[in-house]
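Listing of protein.txt, compact mmCIF, C-alpha atoms
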# COMPACT_ATOMS: atom_id res chain seq x y z
CA MET A 1 0.00 0.00 0.00
CA LYS A 2 1.27 3.46 -0.93
CA ASN A 3 2.95 5.47 1.81
CA LEU A 4 1.81 9.09 1.56
CA PRO A 5 4.45 11.82 1.87
CA PRO A 6 4.95 13.26 5.35
CA SER A 7 3.53 16.62 6.33
CA SER A 8 7.04 18.08 6.40
CA ALA A 9 10.62 16.91 6.02
CA SER A 10 12.15 14.67 8.66
CA PRO A 11 15.55 13.02 8.99
CA HIS A 12 13.91 10.15 10.87
CA GLU A 13 12.32 7.08 9.27
CA ILE A 14 8.64 7.27 8.31
CA GLY A 15 6.35 4.26 7.91
CA GLN A 16 8.99 1.58 8.49
CA ASP A 17 7.62 -0.56 11.34
CA PRO A 18 4.75 -3.08 11.65
CA TRP A 19 1.87 -2.31 13.98
CA TRP A 20 3.11 -4.50 16.83
CA VAL A 21 6.42 -2.61 17.06
CA VAL A 22 4.49 0.66 17.38
CA GLY A 23 2.28 -1.12 19.91
CA PHE A 24 5.34 -2.01 21.98
CA ASN A 25 6.45 1.63 21.79
CA LEU A 26 3.07 2.69 23.13
CA VAL A 27 3.24 0.12 25.93
CA ALA A 28 6.79 1.21 26.81
CA ALA A 29 5.62 4.83 26.97
CA SER A 30 2.57 4.18 29.17
CA SER A 31 3.28 0.98 31.16
CA SER A 32 6.63 2.16 32.42
CA SER A 33 8.23 1.76 35.82
CA TYR A 34 6.17 4.81 36.81
CA ILE A 35 3.57 2.22 37.83
CA LEU A 36 5.61 1.80 41.02
CA SER A 37 4.42 5.26 42.09
CA TYR A 38 0.75 4.89 41.14
CA PRO A 39 -0.54 3.21 44.36
CA GLN A 40 0.53 6.34 46.24
CA LEU A 41 -0.09 9.01 43.58
CA ILE A 42 -3.51 7.67 42.58
CA MET A 43 -5.14 5.42 45.15
CA THR A 44 -4.22 7.23 48.37
CA HIS A 45 -6.01 10.31 47.00
CA LEU A 46 -8.98 8.65 45.28
CA GLY A 47 -9.69 5.64 47.51
CA TRP A 48 -11.31 2.31 46.79
CA ILE A 49 -14.47 3.59 45.14
CA ALA A 50 -13.33 6.41 42.88
CA GLY A 51 -9.86 4.99 42.14
CA PRO A 52 -10.74 1.76 40.29
CA ILE A 53 -13.75 3.33 38.55
CA ILE A 54 -11.74 6.30 37.22
CA MET A 55 -8.85 4.11 36.05
CA VAL A 56 -11.08 1.69 34.12
CA LEU A 57 -13.21 4.53 32.73
CA LEU A 58 -10.29 6.69 31.55
CA ASN A 59 -8.57 3.65 30.06
CA ALA A 60 -11.63 3.15 27.84
CA VAL A 61 -12.07 6.87 27.13
CA PHE A 62 -8.48 7.38 26.01
CA PHE A 63 -8.57 4.28 23.85
CA TYR A 64 -11.57 5.83 22.10
CA ASN A 65 -9.95 9.28 21.90
CA ASN A 66 -6.71 7.94 20.48
CA CYS A 67 -8.57 5.89 17.89
CA LEU A 68 -10.21 9.14 16.74
CA LEU A 69 -6.81 10.84 16.65
CA GLY A 70 -5.26 7.94 14.78
CA SER A 71 -7.95 8.15 12.10
CA LEU A 72 -6.79 11.72 11.34
CA HIS A 73 -3.19 10.73 10.59
CA GLU A 74 -3.70 10.81 6.83
CA THR A 75 -5.35 14.19 6.41
CA GLY A 76 -4.94 16.59 3.50
CA GLY A 77 -3.24 13.96 1.34
CA LYS A 78 -0.25 13.67 3.68
CA ARG A 79 0.84 11.79 6.75
CA GLN A 80 0.56 14.27 9.62
CA ILE A 81 3.63 13.00 11.44
CA ARG A 82 3.57 15.49 14.30
CA THR A 83 0.80 16.77 16.55
CA ARG A 84 1.60 20.36 15.60
CA ASP A 85 1.48 19.51 11.87
CA LEU A 86 -2.01 18.05 12.20
CA VAL A 87 -3.23 20.99 14.29
CA GLY A 88 -1.62 23.47 11.90
CA TYR A 89 -3.29 21.90 8.86
CA ILE A 90 -6.72 22.07 10.50
CA TYR A 91 -6.53 25.43 12.31
CA GLY A 92 -3.67 27.39 10.79
CA ARG A 93 -0.30 28.76 11.80
CA ARG A 94 -1.25 30.32 15.13
CA MET A 95 -2.60 27.06 16.54
CA PHE A 96 0.41 25.24 15.08
CA THR A 97 2.71 27.50 17.10
CA ALA A 98 0.57 27.37 20.26
CA VAL A 99 0.37 23.57 20.33
CA TRP A 100 4.03 23.27 19.44
CA ILE A 101 5.05 25.46 22.39
CA LEU A 102 2.65 23.73 24.78
CA GLN A 103 3.59 20.21 23.75
CA PHE A 104 7.34 20.81 23.87
CA THR A 105 7.09 22.62 27.21
CA VAL A 106 5.23 19.69 28.71
CA LEU A 107 7.61 17.15 27.15
CA ILE A 108 10.58 19.03 28.61
CA VAL A 109 8.91 19.11 32.02
CA PHE A 110 8.12 15.42 31.68
CA CYS A 111 11.74 14.61 30.81
CA ILE A 112 12.82 16.50 33.92
CA GLY A 113 10.42 14.38 35.96
CA THR A 114 11.72 11.21 34.34
CA PHE A 115 15.30 12.05 35.27
CA ILE A 116 14.08 12.51 38.84
CA TRP A 117 12.41 9.10 38.73
CA ALA A 118 15.54 7.45 37.29
CA GLY A 119 17.60 9.09 40.01
CA THR A 120 15.11 7.84 42.62
CA THR A 121 15.56 4.24 41.45
CA LEU A 122 19.35 4.53 41.64
CA GLU A 123 19.08 6.08 45.10
CA ALA A 124 16.84 3.21 46.23
CA ILE A 125 19.30 0.60 44.95
CA TYR A 126 22.18 2.31 46.74
CA ALA A 127 20.20 2.71 49.98
CA SER A 128 19.52 -1.02 50.12
CA TYR A 129 23.21 -1.85 50.51
CA SER A 130 24.75 1.29 52.02
CA SER A 131 25.28 1.97 55.70
CA ASP A 132 25.00 5.70 54.99
CA PRO A 133 22.46 6.28 52.16
CA SER A 134 22.53 10.06 52.70
CA LYS A 135 26.16 10.24 51.55
CA ILE A 136 24.92 10.66 47.96
CA SER A 137 21.92 12.98 47.55
CA LEU A 138 19.01 12.49 45.17
CA SER A 139 20.26 15.41 43.10
CA GLU A 140 23.54 13.59 42.55
CA TRP A 141 21.72 10.43 41.55
CA VAL A 142 19.68 12.46 39.06
CA ALA A 143 22.93 13.66 37.51
CA ILE A 144 24.23 10.09 37.29
CA ALA A 145 20.97 9.03 35.61
CA GLY A 146 21.39 11.84 33.09
CA ALA A 147 24.89 10.64 32.26
CA CYS A 148 23.62 7.09 31.69
CA TYR A 149 20.82 8.30 29.45
CA SER A 150 23.23 10.42 27.40
CA VAL A 151 24.90 7.26 26.13
CA PHE A 152 21.58 5.61 25.31
CA ALA A 153 20.23 8.71 23.56
CA PHE A 154 23.33 8.92 21.37
CA VAL A 155 23.43 5.29 20.23
CA VAL A 156 19.66 5.06 19.51
CA PRO A 157 19.10 7.88 16.99
CA THR A 158 15.42 7.38 16.00
CA LEU A 159 12.17 5.73 17.01
CA HIS A 160 12.75 3.08 14.35
CA SER A 161 16.10 2.28 16.00
CA LEU A 162 14.31 1.82 19.33
CA ARG A 163 12.20 -1.18 18.27
CA LEU A 164 14.37 -3.85 19.94
CA TYR A 165 14.62 -1.84 23.15
CA SER A 166 10.83 -1.43 23.28
CA ILE A 167 10.48 -5.21 23.26
CA ILE A 168 13.09 -5.47 26.02
CA SER A 169 11.19 -2.75 27.89
CA LEU A 170 8.06 -4.92 27.89
CA PHE A 171 9.96 -7.77 29.51
CA LEU A 172 11.44 -5.39 32.09
CA THR A 173 7.93 -4.13 32.90
CA MET A 174 6.79 -7.74 33.34
CA ILE A 175 9.68 -8.37 35.75
CA ILE A 176 8.81 -5.24 37.73
CA THR A 177 5.11 -6.11 37.80
CA PHE A 178 5.44 -9.78 38.78
CA ILE A 179 7.97 -9.13 41.53
CA THR A 180 6.10 -6.16 43.01
CA ILE A 181 2.68 -7.81 42.89
CA GLY A 182 4.07 -11.09 44.28
CA ILE A 183 5.75 -9.44 47.27
CA SER A 184 2.76 -7.14 47.83
CA ILE A 185 0.40 -10.11 47.98
CA LYS A 186 2.73 -11.85 50.44
CA ASP A 187 2.76 -8.73 52.60
CA GLY A 188 -0.97 -8.16 52.19
CA VAL A 189 -2.06 -11.57 53.49
CA LYS A 190 -0.08 -11.22 56.70
CA SER A 191 -2.43 -11.50 59.65
CA GLY A 192 -2.54 -8.96 62.42
CA VAL A 193 -1.46 -6.05 60.22
CA ALA A 194 -3.90 -3.12 60.34
CA ARG A 195 -4.29 -1.15 57.12
CA ASP A 196 -5.84 2.27 56.84
CA TYR A 197 -7.53 3.06 53.53
CA SER A 198 -8.91 6.45 54.56
CA ILE A 199 -8.02 9.58 52.60
CA VAL A 200 -6.17 11.92 54.93
CA GLY A 201 -6.22 15.71 55.07
CA THR A 202 -8.73 18.53 55.23
CA LYS A 203 -11.59 18.77 52.77
CA ALA A 204 -9.57 21.21 50.68
CA ASP A 205 -6.51 18.94 50.77
CA LYS A 206 -8.58 15.95 49.71
CA TRP A 207 -10.16 17.86 46.83
CA PHE A 208 -6.91 19.25 45.43
CA SER A 209 -5.11 15.93 45.87
CA ALA A 210 -7.91 14.10 44.09
CA MET A 211 -7.69 16.51 41.15
CA GLY A 212 -3.93 15.96 40.99
CA ALA A 213 -4.48 12.20 41.08
CA LEU A 214 -6.97 12.53 38.24
CA SER A 215 -4.29 14.06 36.02
CA VAL A 216 -1.92 11.22 36.92
CA VAL A 217 -4.54 8.70 35.79
CA GLY A 218 -4.94 10.64 32.56
CA PHE A 219 -1.20 10.56 32.03
CA ALA A 220 -0.99 6.84 32.87
CA PHE A 221 -3.33 5.92 30.00
CA ASN A 222 -2.05 8.38 27.42
CA THR A 223 1.16 9.25 25.60
CA ALA A 224 0.45 12.80 24.33
CA ILE A 225 2.59 12.04 21.24
CA LEU A 226 0.44 9.60 19.24
CA PRO A 227 0.95 11.28 15.81
CA GLU A 228 4.71 11.19 16.37
CA LEU A 229 4.57 7.48 17.23
CA GLN A 230 2.10 6.71 14.44
CA ALA A 231 4.54 8.24 11.96
CA ASP A 232 6.59 5.08 12.30
CA VAL A 233 3.81 2.61 11.40
CA ARG A 234 3.43 1.07 7.97
CA PRO A 235 0.28 1.65 5.87
CA PRO A 236 -2.61 1.29 6.28
CA THR A 237 -1.93 3.73 9.07
CA ALA A 238 -5.39 3.92 10.62
CA ARG A 239 -5.99 0.17 10.75
CA ASN A 240 -2.51 -0.52 12.08
CA ILE A 241 -2.66 2.14 14.77
CA TYR A 242 -5.98 0.69 15.96
CA LYS A 243 -4.19 -2.63 16.46
CA ALA A 244 -1.30 -0.93 18.23
CA LEU A 245 -3.67 0.97 20.51
CA GLY A 246 -5.50 -2.25 21.25
CA LEU A 247 -2.21 -3.67 22.50
CA GLN A 248 -1.58 -0.59 24.65
CA TYR A 249 -5.02 -0.50 26.26
CA THR A 250 -5.21 -4.24 26.99
CA LEU A 251 -1.74 -5.67 27.59
CA GLY A 252 -0.40 -2.29 28.66
CA ALA A 253 -3.27 -1.54 31.03
CA ILE A 254 -2.94 -4.78 33.01
CA PRO A 255 0.22 -3.85 34.96
CA ILE A 256 -1.02 -0.29 35.53
CA ILE A 257 -4.35 -1.27 37.05
CA GLY A 258 -3.22 -4.52 38.67
CA LEU A 259 -0.15 -3.19 40.46
CA THR A 260 -1.89 0.03 41.50
CA LEU A 261 -4.80 -1.76 43.16
CA ILE A 262 -2.80 -4.59 44.73
CA GLY A 263 -0.14 -2.23 46.02
CA TYR A 264 -2.75 -0.06 47.71
CA TRP A 265 -4.53 -3.10 49.12
CA ALA A 266 -1.31 -4.43 50.62
CA TYR A 267 -0.10 -1.25 52.34
CA GLY A 268 -3.05 1.17 52.55
CA ASN A 269 -2.54 4.90 52.66
CA VAL A 270 1.03 4.58 53.97
CA VAL A 271 2.26 2.99 50.73
CA SER A 272 5.50 4.54 49.54
CA GLY A 273 5.66 6.73 46.45
CA PHE A 274 8.18 4.11 45.28
CA ILE A 275 6.32 0.97 46.29
CA LEU A 276 9.41 -1.22 46.27
CA GLU A 277 10.42 0.66 49.42
CA SER A 278 7.27 -0.72 51.06
CA ASN A 279 7.95 -4.31 49.93
CA SER A 280 9.34 -6.55 52.67
CA GLY A 281 11.74 -8.49 50.48
CA PRO A 282 13.71 -10.68 49.93
CA LYS A 283 16.16 -7.86 49.35
CA TRP A 284 17.84 -9.41 46.33
CA LEU A 285 14.50 -9.80 44.54
CA VAL A 286 13.50 -6.21 45.29
CA THR A 287 16.88 -5.12 43.94
CA VAL A 288 16.21 -6.99 40.68
CA ALA A 289 12.97 -5.03 40.33
CA LYS A 290 14.74 -1.74 41.08
CA VAL A 291 17.43 -2.41 38.48
CA ALA A 292 14.75 -3.36 35.94
CA ALA A 293 12.89 -0.15 36.78
CA PHE A 294 15.96 1.96 36.07
CA PHE A 295 16.75 0.42 32.69
CA GLN A 296 13.10 0.42 31.65
CA ILE A 297 12.66 4.11 32.37
CA LEU A 298 15.52 4.94 30.01
CA VAL A 299 13.40 3.56 27.16
CA THR A 300 10.35 5.54 28.25
CA LEU A 301 12.44 8.68 28.58
CA HIS A 302 13.80 8.24 25.06
CA ILE A 303 10.33 7.83 23.57
CA TYR A 304 9.24 11.16 25.04
CA ALA A 305 12.49 12.93 24.20
CA LEU A 306 12.55 11.79 20.56
CA PRO A 307 10.00 14.37 19.29
CA MET A 308 12.39 17.10 20.43
CA PHE A 309 15.42 15.28 19.07
CA GLU A 310 13.61 14.90 15.75
CA PHE A 311 13.05 18.66 15.74
CA PHE A 312 16.74 19.34 16.40
CA ASP A 313 17.79 16.87 13.70
CA SER A 314 15.34 18.35 11.20
CA LYS A 315 16.49 21.90 11.90
CA PHE A 316 20.23 21.40 11.91
CA LEU A 317 20.50 18.67 9.28
CA LYS A 318 18.13 20.52 6.91
CA ALA A 319 16.47 17.32 5.69
CA ARG A 320 14.92 17.34 2.25
CA ARG A 321 12.03 15.01 1.45
CA SER A 322 11.79 12.84 -1.64
CA LEU A 323 9.31 10.19 -2.66
CA LYS A 324 10.59 7.08 -4.40
CA PRO A 325 8.43 5.27 -6.93
CA SER A 326 8.05 2.42 -4.46
CA GLY A 327 6.29 4.78 -2.07
CA ASN A 328 9.02 4.74 0.57
CA VAL A 329 9.80 8.18 1.95
CA GLU A 330 13.51 8.87 2.41
CA ASN A 331 15.63 11.97 2.76
CA ASP A 332 19.08 13.35 2.28
CA VAL A 333 20.24 12.17 5.70
CA HIS A 334 19.93 8.55 4.63
CA GLN A 335 21.37 9.26 1.21
CA ALA A 336 24.41 11.02 2.70
CA GLY A 337 25.53 8.16 4.93
CA GLY A 338 22.64 7.45 7.27
CA HIS A 339 22.50 8.23 10.97
CA TRP A 340 26.22 7.62 11.43
CA SER A 341 27.73 10.07 8.97
CA ALA A 342 30.19 12.50 10.56
CA ARG A 343 27.86 15.50 10.31
CA THR A 344 24.83 13.62 11.64
CA VAL A 345 26.79 12.23 14.57
CA LEU A 346 28.16 15.66 15.46
CA VAL A 347 24.71 17.28 15.36
CA ARG A 348 23.20 14.47 17.40
CA PHE A 349 25.96 14.62 20.00
CA LEU A 350 25.83 18.38 20.49
CA THR A 351 22.04 18.80 20.52
CA ARG A 352 21.25 15.82 22.70
CA ILE A 353 24.02 16.40 25.21
CA THR A 354 22.91 20.04 25.54
CA PHE A 355 19.26 19.07 26.04
CA ILE A 356 20.06 16.30 28.52
CA SER A 357 22.45 18.52 30.49
CA ILE A 358 19.84 21.26 30.91
CA THR A 359 16.96 18.96 31.86
CA THR A 360 19.14 16.92 34.21
CA LEU A 361 20.30 20.08 35.94
CA LEU A 362 16.71 21.23 36.44
CA GLY A 363 15.74 17.78 37.72
CA ALA A 364 18.59 17.83 40.21
CA MET A 365 17.56 21.31 41.37
CA PHE A 366 13.83 20.59 41.77
CA PRO A 367 13.15 16.87 42.38
CA PHE A 368 9.33 17.04 42.67
CA PHE A 369 8.58 13.86 40.71
CA GLY A 370 4.94 13.25 41.66
CA ASP A 371 3.94 16.88 41.29
CA ILE A 372 5.67 17.19 37.90
CA LEU A 373 3.80 14.09 36.70
CA GLU A 374 0.52 15.61 37.83
CA LEU A 375 1.21 18.90 36.06
CA SER A 376 2.30 17.16 32.83
CA GLY A 377 -0.92 15.17 32.71
CA ALA A 378 -3.10 18.15 33.56
CA VAL A 379 -1.62 20.57 31.00
CA ILE A 380 -1.52 18.34 27.93
CA VAL A 381 -3.61 15.19 28.39
CA PHE A 382 -7.05 16.67 28.94
CA PRO A 383 -6.89 19.79 26.72
CA ILE A 384 -4.98 18.37 23.72
CA ASP A 385 -5.45 14.59 23.81
CA PHE A 386 -9.07 14.82 24.91
CA GLY A 387 -10.86 18.04 24.04
CA LEU A 388 -8.84 19.08 20.99
CA VAL A 389 -9.05 15.58 19.50
CA HIS A 390 -12.84 15.70 19.45
CA HIS A 391 -12.85 19.20 17.98
CA MET A 392 -10.38 18.23 15.23
CA TYR A 393 -12.45 15.15 14.45
CA LEU A 394 -15.53 17.35 14.06
CA LYS A 395 -13.64 19.79 11.82
CA VAL A 396 -12.27 17.10 9.52
CA LYS A 397 -15.05 14.50 9.43
CA GLY A 398 -18.10 16.06 11.06
CA LYS A 399 -19.67 17.85 8.10
CA ASN A 400 -22.34 15.18 7.64
CA PHE A 401 -22.68 14.10 11.26
CA SER A 402 -26.13 13.90 12.80
CA LEU A 403 -27.14 16.31 15.55
CA TYR A 404 -26.84 13.49 18.09
CA ARG A 405 -23.29 12.69 17.01
CA ARG A 406 -22.19 16.33 17.00
CA THR A 407 -23.72 16.82 20.45
CA TRP A 408 -21.76 13.83 21.72
CA HIS A 409 -18.44 15.27 20.58
CA TRP A 410 -19.25 18.71 22.02
CA LEU A 411 -20.14 17.05 25.31
CA MET A 412 -16.68 15.43 25.31
CA ILE A 413 -15.08 18.82 24.60
CA VAL A 414 -16.89 20.46 27.53
CA THR A 415 -15.91 17.52 29.78
CA ALA A 416 -12.27 17.95 28.76
CA VAL A 417 -12.37 21.67 29.59
CA LEU A 418 -13.77 20.98 33.06
CA LEU A 419 -11.22 18.23 33.70
CA THR A 420 -8.42 20.53 32.55
CA ILE A 421 -9.44 23.31 34.93
CA ALA A 422 -9.82 20.95 37.87
CA SER A 423 -6.60 18.98 37.31
CA VAL A 424 -4.41 22.02 36.57
CA THR A 425 -5.70 23.68 39.73
CA GLY A 426 -4.94 20.61 41.82
CA ALA A 427 -1.49 19.99 40.34
CA SER A 428 -0.45 23.65 40.61
CA ARG A 429 -1.56 23.89 44.21
CA ASN A 430 0.39 20.75 45.13
CA ILE A 431 3.58 22.08 43.49
CA ILE A 432 3.23 25.42 45.30
CA ALA A 433 2.79 23.61 48.62
CA VAL A 434 5.94 21.52 48.11
CA ALA A 435 8.02 24.37 46.69
CA SER A 436 7.25 26.63 49.66
CA THR A 437 9.36 24.42 51.97
CA TYR A 438 11.97 23.24 49.47
CA ARG A 439 15.66 24.06 49.33
CA ILE A 440 17.42 23.88 45.97
CA PHE A 441 19.40 20.67 45.21
CA HIS A 442 17.78 18.84 48.14
CA SER A 443 15.38 15.91 48.10
CA ASN A 444 11.78 16.67 48.97
CA ASN A 445 11.32 13.32 50.63
Just dump the structure as structure tokens.
Amino acid sequence: MKNLPPSSASPHEIGQDPWWVVGFNLVAASSSSYILSYPQLIMTHLGWIAGPIIMVLLNAVFFYNNCLLGSLHETGGKRQIRTRDLVGYIYGRRMFTAVWILQFTVLIVFCIGTFIWAGTTLEAIYASYSSDPSKISLSEWVAIAGACYSVFAFVVPTLHSLRLYSIISLFLTMIITFITIGISIKDGVKSGVARDYSIVGTKADKWFSAMGALSVVGFAFNTAILPELQADVRPPTARNIYKALGLQYTLGAIPIIGLTLIGYWAYGNVVSGFILESNSGPKWLVTVAKVAAFFQILVTLHIYALPMFEFFDSKFLKARRSLKPSGNVENDVHQAGGHWSARTVLVRFLTRITFISITTLLGAMFPFFGDILELSGAVIVFPIDFGLVHHMYLKVKGKNFSLYRRTWHWLMIVTAVLLTIASVTGASRNIIAVASTYRIFHSNN
């Protein structure tokens, strides 16, 4: 089947991978080692009634939303390979710029949060075997994590190059999930251990925390970069992305929901924000899970950083698009020696090291992982990957929709606006509360 030309030039591969590889990328992005924080970030603020209902409901809602978004990939006779390209085609240059700035700002903030999480896993490994865990601060571990990722980011130039690591990431997630759930069940069935499942705090605290948790759930079941990931799938793009999304929202949802609920059941509202710290052991098995969590998060981090790396590569390598008779889109980067030509390597080294250095520094300065995750989900998930998706779908395909169908999409848009206001308010308030007592380059634990 013919591969349409991309919406604009890119030095990265377009339309090269089968649906299941893109599915593994989606699973790696969503079902990451972040799941180790979800019992605390989600369930302690939502409780047994709202927590499971919201997780199952939003899993279904975002599967539906992303299917709508995936159906818009081939719009205007081109493959809209970036979120901003699709928005720009539908709404014009101003919206292109607005979404571009918003998406990249959130991705940068998310990368900062991911470096904090990677540093947290290293700190936890070290603390398990050190007599003086405070000798190395979290900020220093964040810097070490940044150095490790620098190597990975350099040797894996594109999303297409990541395909093997996404498969490995799935196995790492399985290791994390099985070990954590197994130990949590062992701890949970212990007799004589009282567990408190109440939601603590004042009414205001409970409300704002619940809104922050809502944005974490939204983030857990969404990637915020579907067009960028869909750019890698072979035609037919809509049918194949449906299959990939099916993999994400079934296989990928199992560890998220399962570990979150079982972890909360086992430890109640005192569960650690890094649940492996609540697990009783054996220590060597918990360490295996911690090591798996660190290496897995490098893959997730790379998936979210690649849209910015693709922008840097496109800008500084000045890629030119051509369309071969076979329908395969290539560019001058490949024709001039591929991703390992001297010029390409130099550009990749300088741009990625600069980006990683800046984001690592910010992560070391302000290690508010949970609050950053809340803010990332609130700012981009509900407004762009919920409300805007329905509005774009109406603009592109809604000309002949019935009144009932148009009303349905507008109801989803209004719901997204309300969720955005509530979750941004909750996430912002939580960050302000933490920042008011924080000293730079110190852990907030």
Between A:Tyr165, A:Tyr249, A:Phe154, A:Trp284, which one has atoms that come closest to Ser128 of chain A, using only C-alpha atoms? A:Trp284
Counting all atoms listed in the file, the residue among A:Ser166, A:Ser184, A:Ser209, A:Thr260 that lies closest to Arg429 of chain A is A:Ser209
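One finds atom CA of Glu228 of chain A at 12.3 Å from atom CA of Ser8 of chain A.
From atom CA of Lys206 of chain A back to atom CA of Ala124 of chain A, the distance works out to 28.6 Å.
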Which residue, A:Gly273, A:Gly218, A:Glu74, A:Leu317, has the smallest gap to Leu419 of chain A when you use all atoms listed in the file?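 Closest candidate: A:Gly218.
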Nearest candidate to Val271 of chain A (options A:Tyr197, A:Phe316, A:Arg405, A:Ile353; using only C-alpha atoms):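 Of the candidates, the smallest distance to Val271 of chain A is held by A:Tyr197.
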Closest of A:Thr360, A:Ile303, A:Thr97, A:Ile49 to Ala224 of chain A - atom-to-atom distances counting all atoms listed in the file: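 When distances to Ala224 of chain A are compared using all atoms listed in the file, the smallest one comes from A:Ile303.
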Ile175 of chain A surroundings by only C-alpha atoms, 9 Å radius, close-in-sequence under 6 positions cut, as a count of residues only: 4
Shell around Asp85 of chain A at 9 Å using all atoms listed in the file, local window under 6 positions removed, as a compact mmCIF listing (two decimals) with C-alpha atoms, in the frame of the given file:
# COMPACT_ATOMS: atom_id res chain seq x y z
CA SER A 7 3.53 16.62 6.33
CA SER A 8 7.04 18.08 6.40
CA PHE A 96 0.41 25.24 15.08
CA TRP A 100 4.03 23.27 19.44
Please, what distance in Å, to one decimal, runs between atom CA of Ala29 of chain A and atom CA of Leu276 of chain A?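 Computing the Euclidean distance for atom CA of Ala29 of chain A and atom CA of Leu276 of chain A yields 20.6 Å.
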Given the choices A:Tyr91, A:Trp117, A:Phe208, A:Phe221, which gets closest to Phe382 of chain A if the distance is worked out from all atoms listed in the file? A:Phe221
Which residues are near Leu298 of chain A? Cut-off 7 Å, only C-alpha atoms, ignore same chain within fewer than 4 positions. Put them as a PyMOL selection string. chain A and resi 149+294+302
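If you count all atoms listed in the file and ignore residues fewer than 5 places along the chain from His12 of chain A, what sits within 8 Å of it is A:Thr158, A:Leu159, A:His160, A:Glu310.
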Could you turn the residues from that selection into a file that holds C-alpha atoms, as a short mmCIF file (atom, residue, chain, number, x, y, z; two decimals), keeping the file's coordinate frame?
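Once everything was written out, this is selection-v8.cif:
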data_model
loop_
_atom_site.label_atom_id
_atom_site.label_comp_id
_atom_site.auth_asym_id
_atom_site.auth_seq_id
_atom_site.Cartn_x
_atom_site.Cartn_y
_atom_site.Cartn_z
CA THR A 158 15.42 7.38 16.00
CA LEU A 159 12.17 5.73 17.01
CA HIS A 160 12.75 3.08 14.35
CA GLU A 310 13.61 14.90 15.75
#
Write out as a list of chain:residue names which residues come within 12 Å of Gly182 of chain A when counting only C-alpha atoms, dropping same-chain ones fewer than 4 positions away.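 Counting only C-alpha atoms, the residues come to A:Met174, A:Ile175, A:Ile176, A:Thr177, A:Phe178, A:Lys186, A:Asp187, A:Gly188, A:Val189, A:Gly258, A:Leu259, A:Ile262, A:Gly263, A:Ala266, A:Leu276, A:Asn279, A:Ser280, A:Gly281, A:Pro282, A:Leu285, A:Val286, A:Ala289.
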Counting all atoms listed in the file, find residues at most 12 Å from (-7.6, 18.9, 24.5) (file frame) and give them as a PyMOL selection string. chain A and resi 62+65-66+69+83+87+99+102-103+218+224+377-393+410+412-421
